[in-house]
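This is entry02.cif. It holds mmCIF, C-alpha atoms; chains and numbers go by the auth columns.
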data_structure
loop_
_atom_site.group_PDB
_atom_site.id
_atom_site.type_symbol
_atom_site.label_atom_id
_atom_site.label_comp_id
_atom_site.label_asym_id
_atom_site.label_seq_id
_atom_site.Cartn_x
_atom_site.Cartn_y
_atom_site.Cartn_z
_atom_site.B_iso_or_equiv
_atom_site.auth_seq_id
_atom_site.auth_asym_id
ATOM 1 C CA MET A 1 88.300 125.660 160.017 0.00 1 A
ATOM 2 C CA LEU A 2 91.454 126.767 161.829 0.00 2 A
ATOM 3 C CA SER A 3 94.266 128.623 160.066 0.00 3 A
ATOM 4 C CA VAL A 4 97.929 128.865 160.953 0.00 4 A
ATOM 5 C CA GLN A 5 99.581 131.918 159.422 0.00 5 A
ATOM 6 C CA LEU A 6 103.233 132.789 159.039 0.00 6 A
ATOM 7 C CA LEU A 7 103.481 136.219 157.440 0.00 7 A
ATOM 8 C CA ASP A 8 106.346 138.408 156.249 0.00 8 A
ATOM 9 C CA LEU A 9 109.047 135.810 156.832 0.00 9 A
ATOM 10 C CA SER A 10 112.244 137.475 155.628 0.00 10 A
ATOM 11 C CA PHE A 11 115.082 135.635 153.859 0.00 11 A
ATOM 12 C CA HIS A 12 118.171 136.502 151.874 0.00 12 A
ATOM 13 C CA ALA A 13 118.245 133.848 149.160 0.00 13 A
ATOM 14 C CA PHE A 14 119.611 133.134 145.690 0.00 14 A
ATOM 15 C CA HIS A 15 116.521 132.365 143.611 0.00 15 A
ATOM 16 C CA GLY A 16 116.274 133.702 140.084 0.00 16 A
ATOM 17 C CA VAL A 17 117.058 133.115 136.447 0.00 17 A
ATOM 18 C CA TYR A 18 119.613 135.897 136.001 0.00 18 A
ATOM 19 C CA GLU A 19 123.290 135.447 136.811 0.00 19 A
ATOM 20 C CA GLY A 20 123.416 138.330 139.289 0.00 20 A
ATOM 21 C CA GLU A 21 120.501 136.901 141.252 0.00 21 A
ATOM 22 C CA THR A 22 122.281 133.625 141.829 0.00 22 A
ATOM 23 C CA LYS A 23 125.527 135.324 142.884 0.00 23 A
ATOM 24 C CA VAL A 24 124.391 138.326 144.942 0.00 24 A
ATOM 25 C CA GLY A 25 120.994 137.089 146.014 0.00 25 A
ATOM 26 C CA ASN A 26 117.926 139.072 146.919 0.00 26 A
ATOM 27 C CA GLU A 27 115.617 139.745 149.821 0.00 27 A
ATOM 28 C CA PHE A 28 112.431 137.686 149.869 0.00 28 A
ATOM 29 C CA LEU A 29 109.264 137.786 151.938 0.00 29 A
ATOM 30 C CA VAL A 30 107.259 134.594 152.359 0.00 30 A
ATOM 31 C CA ASP A 31 103.691 134.129 153.594 0.00 31 A
ATOM 32 C CA VAL A 32 102.295 130.698 154.424 0.00 32 A
ATOM 33 C CA VAL A 33 98.667 130.107 155.381 0.00 33 A
ATOM 34 C CA VAL A 34 97.608 126.599 156.343 0.00 34 A
ATOM 35 C CA LYS A 35 93.982 125.643 157.036 0.00 35 A
ATOM 36 C CA TYR A 36 92.733 122.504 158.680 0.00 36 A
ATOM 37 C CA ASP A 37 89.565 121.134 160.253 0.00 37 A
ATOM 38 C CA GLU A 38 89.991 121.379 164.005 0.00 38 A
ATOM 39 C CA GLY A 39 86.613 119.751 164.710 0.00 39 A
ATOM 40 C CA ARG A 40 88.062 116.330 165.557 0.00 40 A
ATOM 41 C CA ILE A 41 91.191 117.623 167.287 0.00 41 A
ATOM 42 C CA LYS A 42 91.641 118.436 170.963 0.00 42 A
ATOM 43 C CA LEU A 43 93.341 121.841 170.973 0.00 43 A
ATOM 44 C CA ASP A 44 95.337 121.376 174.142 0.00 44 A
ATOM 45 C CA SER A 45 98.934 120.574 173.153 0.00 45 A
ATOM 46 C CA LEU A 46 101.548 121.159 170.444 0.00 46 A
ATOM 47 C CA GLN A 47 101.248 117.501 169.464 0.00 47 A
ATOM 48 C CA SER A 48 97.595 117.887 168.510 0.00 48 A
ATOM 49 C CA ILE A 49 97.861 121.008 166.349 0.00 49 A
ATOM 50 C CA ILE A 50 99.794 122.174 163.309 0.00 50 A
ATOM 51 C CA ASN A 51 102.880 123.760 164.820 0.00 51 A
ATOM 52 C CA TYR A 52 104.025 126.980 163.134 0.00 52 A
ATOM 53 C CA GLU A 53 107.618 126.282 164.205 0.00 53 A
ATOM 54 C CA ASP A 54 107.613 123.134 162.055 0.00 54 A
ATOM 55 C CA ILE A 55 106.269 125.089 159.102 0.00 55 A
ATOM 56 C CA TYR A 56 108.902 127.783 159.583 0.00 56 A
ATOM 57 C CA GLU A 57 111.687 125.186 159.564 0.00 57 A
ATOM 58 C CA ILE A 58 110.388 123.724 156.291 0.00 58 A
ATOM 59 C CA VAL A 59 110.283 127.193 154.707 0.00 59 A
ATOM 60 C CA ASN A 60 113.702 128.145 156.098 0.00 60 A
ATOM 61 C CA LYS A 61 115.369 124.996 154.736 0.00 61 A
ATOM 62 C CA ARG A 62 113.747 125.352 151.301 0.00 62 A
ATOM 63 C CA MET A 63 114.593 129.027 150.932 0.00 63 A
ATOM 64 C CA ALA A 64 118.267 128.125 151.443 0.00 64 A
ATOM 65 C CA ILE A 65 118.269 125.980 148.272 0.00 65 A
ATOM 66 C CA PRO A 66 118.680 128.160 145.138 0.00 66 A
ATOM 67 C CA SER A 67 116.057 127.701 142.455 0.00 67 A
ATOM 68 C CA PRO A 68 115.439 129.575 139.208 0.00 68 A
ATOM 69 C CA LEU A 69 111.663 129.841 139.727 0.00 69 A
ATOM 70 C CA LEU A 70 109.683 130.889 142.785 0.00 70 A
ATOM 71 C CA GLU A 71 106.867 128.607 141.651 0.00 71 A
ATOM 72 C CA GLU A 72 109.128 125.597 142.241 0.00 72 A
ATOM 73 C CA VAL A 73 110.071 126.859 145.700 0.00 73 A
ATOM 74 C CA ALA A 74 106.398 127.309 146.659 0.00 74 A
ATOM 75 C CA GLU A 75 105.450 123.876 145.302 0.00 75 A
ATOM 76 C CA THR A 76 108.188 122.181 147.322 0.00 76 A
ATOM 77 C CA ILE A 77 107.149 123.999 150.504 0.00 77 A
ATOM 78 C CA ILE A 78 103.536 122.923 150.006 0.00 78 A
ATOM 79 C CA LEU A 79 104.475 119.287 149.408 0.00 79 A
ATOM 80 C CA LYS A 80 106.725 119.137 152.469 0.00 80 A
ATOM 81 C CA VAL A 81 104.186 120.793 154.770 0.00 81 A
ATOM 82 C CA ARG A 82 101.420 118.516 153.492 0.00 82 A
ATOM 83 C CA HIS A 83 103.659 115.454 153.963 0.00 83 A
ATOM 84 C CA LYS A 84 104.271 116.429 157.598 0.00 84 A
ATOM 85 C CA TYR A 85 100.626 117.305 158.276 0.00 85 A
ATOM 86 C CA SER A 86 98.182 115.181 156.300 0.00 86 A
ATOM 87 C CA THR A 87 95.185 116.853 158.004 0.00 87 A
ATOM 88 C CA ILE A 88 95.738 120.074 156.053 0.00 88 A
ATOM 89 C CA ARG A 89 92.778 120.996 153.844 0.00 89 A
ATOM 90 C CA GLU A 90 94.244 124.098 152.201 0.00 90 A
ATOM 91 C CA ILE A 91 97.647 125.732 151.969 0.00 91 A
ATOM 92 C CA SER A 92 98.769 128.940 150.323 0.00 92 A
ATOM 93 C CA VAL A 93 102.374 130.046 149.848 0.00 93 A
ATOM 94 C CA SER A 94 103.278 133.523 148.603 0.00 94 A
ATOM 95 C CA ILE A 95 106.869 134.483 147.818 0.00 95 A
ATOM 96 C CA PHE A 96 107.853 138.067 147.041 0.00 96 A
ATOM 97 C CA LYS A 97 111.162 139.246 145.573 0.00 97 A
ATOM 98 C CA MET A 98 111.882 142.619 147.088 0.00 98 A
ATOM 99 C CA GLN A 99 114.262 144.020 144.436 0.00 99 A
ATOM 100 C CA ALA A 100 113.291 142.635 141.072 0.00 100 A
ATOM 101 C CA PRO A 101 115.969 143.032 138.389 0.00 101 A
ATOM 102 C CA ILE A 102 113.743 145.220 136.217 0.00 102 A
ATOM 103 C CA GLU A 103 115.043 148.593 135.103 0.00 103 A
ATOM 104 C CA ARG A 104 113.345 151.545 136.882 0.00 104 A
ATOM 105 C CA PHE A 105 110.998 149.149 138.726 0.00 105 A
ATOM 106 C CA ARG A 106 109.920 150.063 142.240 0.00 106 A
ATOM 107 C CA GLY A 107 107.939 147.621 144.311 0.00 107 A
ATOM 108 C CA LYS A 108 108.000 143.906 144.784 0.00 108 A
ATOM 109 C CA VAL A 109 107.106 140.997 142.538 0.00 109 A
ATOM 110 C CA GLY A 110 105.886 137.604 143.602 0.00 110 A
ATOM 111 C CA ILE A 111 103.766 134.547 143.187 0.00 111 A
ATOM 112 C CA THR A 112 101.101 132.762 145.193 0.00 112 A
ATOM 113 C CA LEU A 113 100.452 129.045 144.914 0.00 113 A
ATOM 114 C CA GLN A 114 97.381 127.639 146.617 0.00 114 A
ATOM 115 C CA LYS A 115 96.380 124.002 146.906 0.00 115 A
ATOM 116 C CA ASN A 116 93.205 122.459 148.289 0.00 116 A
ATOM 117 C CA PHE A 117 93.073 118.898 149.551 0.00 117 A
ATOM 118 C CA GLU A 118 89.877 116.894 149.877 0.00 118 A
ATOM 119 C CA GLU A 119 89.240 114.527 152.757 0.00 119 A
#
Rewrite the structure of this file - the entire thing - as structure tokens.
Amino acid sequence: MLSVQLLDLSFHAFHGVYEGETKVGNEFLVDVVVKYDEGRIKLDSLQSIINYEDIYEIVNKRMAIPSPLLEEVAETIILKVRHKYSTIREISVSIFKMQAPIERFRGKVGITLQKNFEE
């Protein structure tokens, strides 16, 4: 199994349920891990592999569309990546909000959505 990993992708976006989040925005970090069976694939060109640039473009476009819930953002990313690359067996998307609007809170909050696809 081969994995393609995009880690700590940084975005300023407007996801959230509170009014301030949709107006001011927040910093987000996104991790995407895609796994696929490379056994039947010749690993000698960009056309034969899952290209991390394509995955980045999908994430970049989706992060630019405001959404109240990070779960919805992750689900859309997974569906679009899977649509582009049907050979994917597993995909995980984690999205972290760097400054959660919680009084006296220090740290980051986030979600991870993982999907497995059978052959």
Evaluating the PyMOL selection byres ((chain A and resi 70-78) around 7) on the displayed file yields which residues, as a PyMOL selection string? chain A and resi 58-59+62+67-69+79-82+91+93+95+111+113
Rank A:Lys115, A:His83, A:Lys35, A:Arg106 by their smallest atom-to-atom distance to A:Leu2, using all atoms listed in the file, and report the top residue only.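 Residue with the minimum atom-to-atom distance to A:Leu2: A:Lys35.
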All residues 10 Å or closer to A:Gly110, all atoms listed in the file, same chain fewer than 4 positions away omitted, as an NGL selection string: :A and (28-30 or 70-71 or 94-98 or 100)
Go ahead and write the residues just picked, C-alpha atoms, as a PDB file, keeping the file's coordinate frame.
ATOM      1  CA  PHE A  28     112.431 137.686 149.869  1.00  0.00           C
ATOM      2  CA  LEU A  29     109.264 137.786 151.938  1.00  0.00           C
ATOM      3  CA  VAL A  30     107.259 134.594 152.359  1.00  0.00           C
ATOM      4  CA  LEU A  70     109.683 130.889 142.785  1.00  0.00           C
ATOM      5  CA  GLU A  71     106.867 128.607 141.651  1.00  0.00           C
ATOM      6  CA  SER A  94     103.278 133.523 148.603  1.00  0.00           C
ATOM      7  CA  ILE A  95     106.869 134.483 147.818  1.00  0.00           C
ATOM      8  CA  PHE A  96     107.853 138.067 147.041  1.00  0.00           C
ATOM      9  CA  LYS A  97     111.162 139.246 145.573  1.00  0.00           C
ATOM     10  CA  MET A  98     111.882 142.619 147.088  1.00  0.00           C
ATOM     11  CA  ALA A 100     113.291 142.635 141.072  1.00  0.00           C
TER      12      ALA A 100
END
Spell out the residues picked by the PyMOL selection byres ((chain A and resi 8) around 8) here, as a count of residues only. 7
So, with only C-alpha atoms as the atoms that count, which of A:Ile65, A:Ile88, A:Asn116, A:Gly107 lies closest to A:Phe14?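 For A:Phe14, the nearest of the given residues is A:Ile65.
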Is it possible to get the axis-aligned box enclosing stretch 4-14 of chain A (all listed atoms, 8 Å extra per side) as lines of an AutoDock Vina configuration file, with centre and edge lengths in Å rounded to one decimal?
center_x = 108.8
center_y = 133.6
center_z = 153.3
size_x = 37.7
size_y = 25.5
size_z = 31.3
To one decimal place in Å, what is the distance between atom CA of A:Val24 and atom CA of A:Gln99?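 Result for atom CA of A:Val24 versus atom CA of A:Gln99: 11.6 Å, one decimal.
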Kindly give the distance, in Å, that separates atom CA of A:Ile49 and atom CA of A:Thr112, rounded to a single decimal.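 Atom CA of A:Thr112 lies at a distance of 24.4 Å from atom CA of A:Ile49.
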For a quick check of understanding, using only C-alpha atoms, which of A:Tyr36, A:Tyr85, A:Phe117, A:Phe105 has the smallest distance to A:Met1?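 Closest to A:Met1 of all the choices is A:Tyr36.
Note that atom CA of A:Gln114 and atom CA of A:Ser86 are 15.8 Å apart.
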So which one's closest to A:Val34, A:Ile55, A:Phe11, A:Pro66, A:Lys84? Using all atoms listed in the file, please. A:Ile55
Option closest in space to A:Asp37, from A:Gln5, A:His15, A:Pro101, A:Ile50 [counting only C-alpha atoms]: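 Ranked by minimum distance to A:Asp37, first place goes to A:Ile50.
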Option closest in space to A:Gly16, from A:Glu118, A:Val33, A:Met63, A:Tyr52 [counting all atoms listed in the file]: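 Of A:Glu118, A:Val33, A:Met63, A:Tyr52, the one nearest A:Gly16, counting all atoms listed in the file, is A:Met63.
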